[in-house]
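Peer 1: Handing over start12.cif, mmCIF, C-alpha atoms and all ligand atoms.
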data_run
#
loop_
_atom_site.label_atom_id
_atom_site.label_comp_id
_atom_site.auth_asym_id
_atom_site.auth_seq_id
_atom_site.Cartn_x
_atom_site.Cartn_y
_atom_site.Cartn_z
CA MET A 19 -56.86 -30.91 0.04
CA PRO A 20 -54.90 -30.03 3.16
CA GLN A 21 -51.46 -31.37 3.40
CA THR A 22 -50.00 -32.70 6.60
CA LYS A 23 -46.52 -33.02 5.29
CA LYS A 24 -43.94 -33.07 7.96
CA GLN A 25 -41.31 -30.47 7.44
CA THR A 26 -38.09 -32.36 7.60
CA ALA A 27 -36.02 -29.91 5.63
CA ARG A 28 -32.95 -29.43 7.69
CA LYS A 29 -31.16 -26.21 7.30
CA LYS A 30 -27.57 -26.92 6.66
CA ALA A 31 -25.47 -24.82 8.95
CA ALA A 32 -23.23 -22.65 6.86
CA ALA A 33 -19.87 -24.14 7.58
CA SER A 34 -17.46 -21.33 8.10
CA ALA A 35 -14.30 -22.01 6.19
CA PRO A 36 -11.09 -21.78 8.15
CA ILE A 37 -9.28 -18.54 7.55
CA GLU A 38 -5.86 -19.07 6.08
CA SER A 39 -4.67 -15.53 6.19
CA ALA A 40 -5.85 -11.99 6.63
CA VAL A 41 -6.53 -11.82 2.90
CA SER A 42 -9.57 -14.04 3.24
CA GLY A 43 -11.28 -11.67 5.61
CA PHE A 44 -11.07 -10.17 9.02
CA GLN A 45 -12.43 -12.34 11.80
CA GLY A 46 -11.28 -10.80 15.05
CA PHE A 47 -14.34 -8.77 15.99
CA VAL A 48 -17.42 -9.09 18.12
CA PRO A 49 -20.54 -8.97 15.94
CA TYR A 50 -22.54 -5.81 16.36
CA THR A 51 -25.84 -6.09 18.17
CA ALA A 52 -28.14 -3.31 17.10
CA LYS A 53 -30.59 -2.02 19.67
CA LYS A 54 -34.24 -1.90 18.76
CA GLY A 55 -35.03 1.04 16.53
CA GLU A 56 -31.40 1.93 16.22
CA LYS A 57 -30.54 4.11 13.26
CA TYR A 58 -28.50 2.49 10.52
CA MET A 59 -24.93 3.75 10.45
CA ASN A 60 -25.29 5.73 13.62
CA PRO A 61 -22.04 6.81 15.32
CA ASN A 62 -21.79 3.49 17.20
CA GLN A 63 -22.05 1.48 14.02
CA VAL A 64 -19.62 3.75 12.22
CA ALA A 65 -17.15 3.27 15.09
CA HIS A 66 -17.71 -0.48 14.96
CA PHE A 67 -16.84 -0.71 11.27
CA ARG A 68 -13.98 1.71 11.58
CA ALA A 69 -12.49 -0.56 14.25
CA ILE A 70 -12.93 -3.61 12.02
CA LEU A 71 -11.39 -1.89 8.99
CA ASP A 72 -8.50 -0.45 11.01
CA ALA A 73 -7.69 -3.79 12.63
CA TRP A 74 -7.94 -5.63 9.31
CA LYS A 75 -5.68 -3.11 7.62
CA ARG A 76 -3.15 -3.37 10.43
CA GLU A 77 -3.16 -7.13 10.11
CA LEU A 78 -2.59 -6.93 6.37
CA MET A 79 0.23 -4.41 6.72
CA GLU A 80 1.95 -6.69 9.19
CA GLU A 81 1.49 -9.53 6.76
CA VAL A 82 3.06 -7.48 3.97
CA ASP A 83 5.96 -6.57 6.26
CA ARG A 84 6.53 -10.19 7.14
CA THR A 85 6.58 -11.16 3.48
CA VAL A 86 9.09 -8.46 2.62
CA HIS A 87 11.38 -9.44 5.47
CA HIS A 88 11.02 -13.08 4.65
CA MET A 89 12.03 -12.43 1.06
CA GLN A 90 15.01 -10.37 2.15
CA ASP A 91 16.13 -13.08 4.53
CA GLU A 92 15.77 -15.76 1.93
CA ALA A 93 17.36 -13.84 -0.87
CA THR A 94 20.61 -15.70 -0.62
CA ASN A 95 22.47 -17.37 -3.42
CA PHE A 96 21.74 -21.01 -3.76
CA PRO A 97 24.50 -22.75 -5.67
CA ASP A 98 22.12 -25.55 -6.59
CA PRO A 99 19.89 -24.58 -9.55
CA ASN A 100 17.07 -26.71 -8.15
CA ASP A 101 17.07 -24.75 -4.94
CA ARG A 102 17.10 -21.57 -6.94
CA ALA A 103 14.08 -22.65 -8.96
CA THR A 104 12.16 -23.55 -5.82
CA GLN A 105 13.06 -20.25 -4.29
CA GLU A 106 11.93 -18.37 -7.37
CA SER A 107 8.54 -20.01 -7.48
CA ASP A 108 8.17 -19.32 -3.76
CA PHE A 109 8.88 -15.67 -4.45
CA THR A 110 6.38 -15.55 -7.30
CA LEU A 111 3.73 -16.92 -4.98
CA GLU A 112 4.63 -14.46 -2.27
CA LEU A 113 4.60 -11.57 -4.68
CA ARG A 114 1.16 -12.57 -5.83
CA THR A 115 -0.03 -12.72 -2.23
CA ARG A 116 1.49 -9.34 -1.55
CA ASP A 117 -0.21 -7.90 -4.58
CA ARG A 118 -3.53 -9.20 -3.31
CA GLU A 119 -2.83 -7.74 0.11
CA ARG A 120 -1.96 -4.36 -1.37
CA LYS A 121 -5.18 -4.28 -3.39
CA LEU A 122 -7.16 -5.20 -0.32
CA ILE A 123 -5.49 -2.47 1.73
CA ARG A 124 -6.51 -0.01 -0.99
CA LYS A 125 -10.10 -1.24 -0.75
CA ILE A 126 -10.01 -0.87 3.01
CA ASP A 127 -8.73 2.69 2.61
CA GLU A 128 -11.60 3.42 0.25
CA ALA A 129 -14.05 2.00 2.76
CA LEU A 130 -12.55 4.21 5.48
CA THR A 131 -13.00 7.23 3.20
CA ARG A 132 -16.64 6.28 2.69
CA LEU A 133 -17.02 6.03 6.47
CA ASP A 134 -15.75 9.59 6.76
CA SER A 135 -18.06 10.89 4.07
CA GLY A 136 -21.11 9.02 5.35
CA ASP A 137 -21.46 6.87 2.24
CA TYR A 138 -20.33 3.69 3.94
CA GLY A 139 -22.87 0.91 4.22
CA TYR A 140 -25.06 2.04 1.33
CA CYS A 141 -25.17 0.34 -2.05
CA GLU A 142 -23.27 2.21 -4.71
CA GLN A 143 -25.75 1.09 -7.36
CA CYS A 144 -29.18 1.41 -5.85
CA GLY A 145 -28.51 3.25 -2.60
CA ILE A 146 -30.16 0.83 -0.21
CA GLU A 147 -28.62 -0.23 3.09
CA ILE A 148 -26.12 -3.00 2.59
CA GLY A 149 -26.77 -4.25 6.10
CA ILE A 150 -24.69 -4.88 9.19
CA LYS A 151 -24.38 -8.64 8.73
CA ARG A 152 -23.19 -8.39 5.14
CA LEU A 153 -20.76 -5.64 6.02
CA GLU A 154 -19.33 -7.67 8.86
CA ALA A 155 -18.79 -10.57 6.49
CA ARG A 156 -17.41 -8.23 3.84
CA PRO A 157 -16.38 -4.91 5.36
CA THR A 158 -15.27 -3.50 2.00
CA ALA A 159 -18.58 -4.24 0.25
CA THR A 160 -19.89 -1.37 -1.86
CA LEU A 161 -22.89 -3.20 -3.30
CA CYS A 162 -25.96 -4.75 -1.75
CA ILE A 163 -26.34 -8.48 -2.23
CA ASP A 164 -28.79 -8.04 -5.13
CA CYS A 165 -26.61 -5.64 -7.09
CA LYS A 166 -23.57 -7.80 -6.36
CA THR A 167 -25.33 -10.87 -7.69
CA LEU A 168 -26.37 -9.02 -10.84
CA GLN A 169 -22.82 -7.79 -11.32
CA GLU A 170 -21.45 -11.30 -10.99
CA ILE A 171 -23.96 -12.61 -13.51
CA ARG A 172 -22.96 -9.86 -15.94
CA GLU A 173 -19.28 -10.54 -15.40
CA LYS A 174 -19.76 -14.22 -16.08
CA GLY A 175 -21.64 -13.33 -19.23
CA ILE A 176 -24.58 -15.57 -18.46
CA GLY A 177 -27.38 -14.94 -20.87
CA GLY A 178 -25.29 -12.61 -22.90
ZN ZN B 201 -27.95 -2.38 -4.62
#
Give the structure from this file in structure tokens form.
Peer 2:
Amino acid sequence: MPQTKKQTARKKAAASAPIESAVSGFQGFVPYTAKKGEKYMNPNQVAHFRAILDAWKRELMEEVDRTVHHMQDEATNFPDPNDRATQESDFTLELRTRDRERKLIRKIDEALTRLDSGDYGYCEQCGIEIGIKRLEARPTATLCIDCKTLQEIREKGIGG
């Protein structure tokens, strides 16, 4: 029997989380609009992602610089042990952030190398195109969404 069910399913707009720092992702780019029939990873697209990766890396390096300078400025002797403790936990946090930034910079460098070699934008596992949209959201992605999902399931140990 035919159903005349009204489709009221509202698609929830993916709320974009506010970006706290460059570590969360690079946002300052204009999304790429591919022309009809345009070849994947043609020179224009390569240039687009190189610009994104370069700008993101620059941002992170500046962030690292700021952290280093900040820590040098703040590295004064507090006579009060409470102040010292606060300062030390601040430093631990900053060091952790810096570590994350450094790792990300390394990933960006690897992505830039893949751009040079023509491997950028293709899944490391299965070889399919990762896709412009996914790469813009995650410029250092080396896996397609399917392989990434499988990897995450494996890492979580679900079903194993
Ligand atoms: Zn894949």
Peer 1: List the neighbours of range 50-64 of chain A out to 9 Å using only C-alpha atoms; skip same-chain residues closer than 2 positions along the sequence, and give me the result as an MDAnalysis selection string.
Peer 2: chainID A and resid 47:48 66:69 133:134 136 138:139 147 149:151 154
Peer 1: Measuring between all atoms listed in the file, which one of A:Gln105, A:Ser135, A:Thr158, A:Gln169 shows the shortest distance to Lys121 in chain A?
Peer 2: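 Closest residue, counting all atoms listed in the file: A:Thr158.
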Peer 1: So what do you get for CA of Trp74 in chain A versus CA of Asp137 in chain A, distance-wise?
Peer 2: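 Those two atoms sit 19.7 Å apart.
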Peer 1: Taking all atoms listed in the file into account, which residues are within 12 Å of ligand ZN 201 (chain B), as a PyMOL selection string?
Peer 2: chain A and resi 139-149+159-169
Peer 1: With distances taken over only C-alpha atoms, which of A:Ala103, A:Thr131, A:Ala155, A:Glu81 is nearest to Gly46 in chain A?
Peer 2: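 Among the listed residues, the smallest separation from Gly46 in chain A belongs to A:Ala155.
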Peer 1: What does the structure give for the distance between CA of Arg116 in chain A and CA of Leu153 in chain A, in Å to one decimal?
Peer 2: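 Computed distance, CA of Arg116 in chain A to CA of Leu153 in chain A, equals 23.8 Å.
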Peer 1: Provide the CA of Arg118 in chain A to CA of Pro49 in chain A distance in Å, to one decimal place.
Peer 2: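 Between CA of Arg118 in chain A and CA of Pro49 in chain A the gap works out to 25.7 Å.
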Peer 1: Nearest to Arg114 in chain A: which of A:Ala129, A:Val82, A:His87, A:Asp98 is it, counting only C-alpha atoms?
Peer 2: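 The closest residue to Arg114 in chain A is A:Val82.
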Peer 1: Looking at A:Leu122, A:Leu130, A:Val86, A:Leu111, which one is nearest to Leu71 in chain A, with distances taken over only C-alpha atoms?
Peer 2: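 Comparing A:Leu122, A:Leu130, A:Val86, A:Leu111 against Leu71 in chain A, the winner is A:Leu130.
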